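Input: a single structure, listed below in structure tokens.
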Amino acid sequence: MLNAKPVERLREIISGTDYRRAVGSLPGYAVADAGSVKTVQKFFRENS
Amino acid sequence: MVRINIEAAWHFTNETSPHSMRVMLSFLREIKLSGTLATAAEHTGMSYRHAWNLIDQWSAFFGEPLVERQRGKGSQLTPLGNKLVWAEQHLKARLGPQLHNIAQELEMELANLLPDVPPSIRIHASHGFAISKLSEFLAQNPDSNIDLRYMTNQASLDSLRAQECELAAIHLPHGELRKRAVAALKKWLDPSVYCVIGFVTREMGLFVRRGNPFDITGLGALRDPKITFVNRDVGSGTRALFEQLLAQNKIDSGEITGYQNVELTHAAVAAHVARGMADTGFGVEAAAVEFDLDFVHIITEDYFFICRAIC
């Protein structure tokens with residue numbers, strides 16, 4: 001599913017300049033690693 | 001893709017005839033934003049003369065003026081005009097996610113009957129400003145066919161496990177509460193089935209009226225019986241986070257005045273406080289700013305997508 005076209009498009013949008021600018025203008029929001037992918041193992045390791 | 005947008009329409013009636021309030025509300029909102037009648041008329045596509053006629057007509061309907069014109073200072077809303085604008089914003093904040101879900105349901109039903117519709121994916125996520133912005137971006141993209149439904153953190157994880165969506169969104173707090181949230185998540189996420197897509201970070205805190213009249217600096221202030229609170233709905237991720245914060249700060253929910261009063265979105269909580277129906281509520285900073293409130297920061301959260309995938 002990660003490689004499905006709609007998911008790829010979604011990742012392109014959230015990591016793109018326009019979306020980052022739009023969300024960056026919302027007070028209290030930041031988009032540091034929007035669109036980046038991690039395995040669940042790595043995610044758990046980093047957050048445990 | 002055929003896109004559907006559903007909005008609530010206001011109909012005011014009096015003894016003589018029904019009147020639709022919708023045009024007037026958007027116009028009043030523009031006056032509030034711009035402070036001049038000419039700019040508001042231009043933004044809503046009305047002539048200046050028609051704009052004044054409309055104001056006169058509705059002021060006569062209510063028997064009270066909606067707009068005050070001050071020589072050299074432009075135009076401003078009266079308390080009645082302001083109340084109508086706040087009421088509309090509150091309604092939108094309350095119903096927005098539900099109307100969005102109904103529109104998405106209809107879009108998908110129509111898509112099944114139309115030719116050449118691209119394949120879709122289903123995203124289940126809790127409502128917020130960044131996800132709402134994403135929905136706007138997706139709607140501008142004719143190639144994307146994404147069925148985005150708003151629901152609670154837990155409901156979106158349930159959907160993911162039941163294969164009722166391909167992506168679910170979750171939010172996790174920074175700090176001490178993070179480890180506990182991740183431990184709970186381990187029961188739900190099989191590492192061989194899912195991966196994590198980074199999304200946004202958001203600041204969460206207490207909404208207070210301009211100038212912070214009760215001098216609220218943290219959650220401890222909620223013990224004061226004079227301070228009234230408006231909560232989020234049971235099952236929402238924000239309510240769950242708030243309950244964890246209370247436990248962490250050893251605050252009993254029974255001590256909080258208004259704890260049982262709930263709104264369904266961050267913006268609705270902010271609108272509730274802005275209308276003076278409560279003194280404070282908990283949610284994202286963007287909602288506080290939208291409703292011209294001050295914000296007392298409490299915690300930072302990360303918002304992720306969980307995707308069914310082999311990474």
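Just remember, in the structure tokens the first chain shown is A, the second B, etc., residues are 1-based per chain, and ligands are 1-based in the order shown.
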Q: May I have the residues within 9 Å of segment 42-49 of chain B as number ranges by chain, using only C-alpha atoms and disregarding those fewer than 5 positions away in the same chain?
A: B: 23, 26-27, 30, 37, 54
Output C-alpha atoms for every residue in that selection, as an mmCIF file, in the first residue's frame.
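Output saved as result_27.cif:
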data_model
loop_
_atom_site.group_PDB
_atom_site.id
_atom_site.type_symbol
_atom_site.label_atom_id
_atom_site.label_comp_id
_atom_site.auth_asym_id
_atom_site.auth_seq_id
_atom_site.Cartn_x
_atom_site.Cartn_y
_atom_site.Cartn_z
ATOM 1 C CA VAL B 23 -25.628 35.747 2.502
ATOM 2 C CA SER B 26 -20.655 35.821 5.039
ATOM 3 C CA PHE B 27 -20.974 39.562 4.530
ATOM 4 C CA GLU B 30 -16.080 40.151 5.895
ATOM 5 C CA LEU B 37 -18.067 48.105 4.232
ATOM 6 C CA LEU B 54 -28.952 44.262 2.907
#
**Q.** Residues of chain A within 6 Å of chain B, counting only C-alpha atoms, as an MDAnalysis selection string
**A.** chainID A and resid 1:2 6 26:31 33:41 48
Emit the selected residues as a PDB file, in the first residue's frame, including C-alpha atoms.
ATOM      1  CA  MET A   1       0.000   0.000   0.000  1.00  0.00           C
ATOM      2  CA  LEU A   2       2.898   2.366   0.718  1.00  0.00           C
ATOM      3  CA  PRO A   6      -2.548   7.710  -3.964  1.00  0.00           C
ATOM      4  CA  LEU A  26      -0.913  27.733  11.242  1.00  0.00           C
ATOM      5  CA  PRO A  27      -0.046  28.840  14.786  1.00  0.00           C
ATOM      6  CA  GLY A  28       1.541  26.016  16.796  1.00  0.00           C
ATOM      7  CA  TYR A  29       2.067  23.655  13.863  1.00  0.00           C
ATOM      8  CA  ALA A  30       5.400  22.453  12.382  1.00  0.00           C
ATOM      9  CA  VAL A  31       6.124  19.993   9.580  1.00  0.00           C
ATOM     10  CA  ASP A  33       9.568  15.309   8.830  1.00  0.00           C
ATOM     11  CA  ALA A  34       6.243  15.223   6.996  1.00  0.00           C
ATOM     12  CA  GLY A  35       6.242  12.414   4.433  1.00  0.00           C
ATOM     13  CA  SER A  36       9.208  10.512   5.856  1.00  0.00           C
ATOM     14  CA  VAL A  37       8.711   6.749   6.297  1.00  0.00           C
ATOM     15  CA  LYS A  38       9.922   4.572   9.163  1.00  0.00           C
ATOM     16  CA  THR A  39       9.460   0.951  10.005  1.00  0.00           C
ATOM     17  CA  VAL A  40       7.345   0.339  13.077  1.00  0.00           C
ATOM     18  CA  GLN A  41      10.367  -1.372  14.712  1.00  0.00           C
ATOM     19  CA  SER A  48      10.500   3.618  23.989  1.00  0.00           C
TER      20      SER A  48
END
Q: Enumerate, as number ranges by chain, the complete set of residues in segment 28-246 of chain B that a backbone-based DSSP assignment places in strand (DSSP E or B).
A: B: 67-70, 74-77, 121-125, 146-150, 167-173, 194-208, 228-232
Q. What is the atom CA of His266 of chain B to atom CA of Glu243 of chain B distance in Å?
A.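 For atom CA of His266 of chain B relative to atom CA of Glu243 of chain B, the distance reads 15.8 Å.
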(Q) I'd like the interatomic distance between atom CA of Leu84 of chain B and atom CA of His100 of chain B, to a tenth of an Å. (A)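 Atom CA of His100 of chain B lies 22.8 Å from atom CA of Leu84 of chain B.
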**Q.** Who sits within 6 Å of Thr228 of chain B, only C-alpha atoms, same chain under 6 positions skipped, as a PyMOL selection string
**A.** chain B and resi 257-258+278-279
Q.
Could you list, as a list in words, every residue within 9 Å of segment 10-17 of chain B, counting only C-alpha atoms and ignoring same-chain residues fewer than 3 positions away?
A.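 In the requested format, the answer is Ser20, Met21, Arg22, Leu25, Phe61 and Glu88 of chain B.
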Q | Interatomic distance (Å, one decimal) between atom CA of Leu113 of chain B and atom CA of Ile4 of chain B | A | 15.0 Å
Q: Just the residues within 10 Å of Ala93 of chain B, please, counting only C-alpha atoms, with nothing from its chain fewer than 4 positions along; format it as a list of chain:residue names.
A: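 Within the cut-off, the hits are B:Ala87, B:Glu88, B:Gln89, B:Pro97, B:Gln98, B:Glu263, B:Leu264, B:Thr265, B:His266, B:Ala267, B:Ala268, B:Val269, B:Ala270, B:Ala271, B:His272, B:Ala287.
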Q. Out of chain A, which residues get alpha helix (DSSP H) from DSSP, as a list in words?
A. Lys5, Pro6, Val7, Glu8, Arg9, Leu10, Arg11, Glu12, Ile13, Ile14, Ser15, Thr17, Asp18, Tyr19, Arg20, Arg21, Ala22, Val23, Gly24, Val40, Gln41, Lys42, Phe43, Phe44, Arg45, Glu46 and Asn47 of chain A
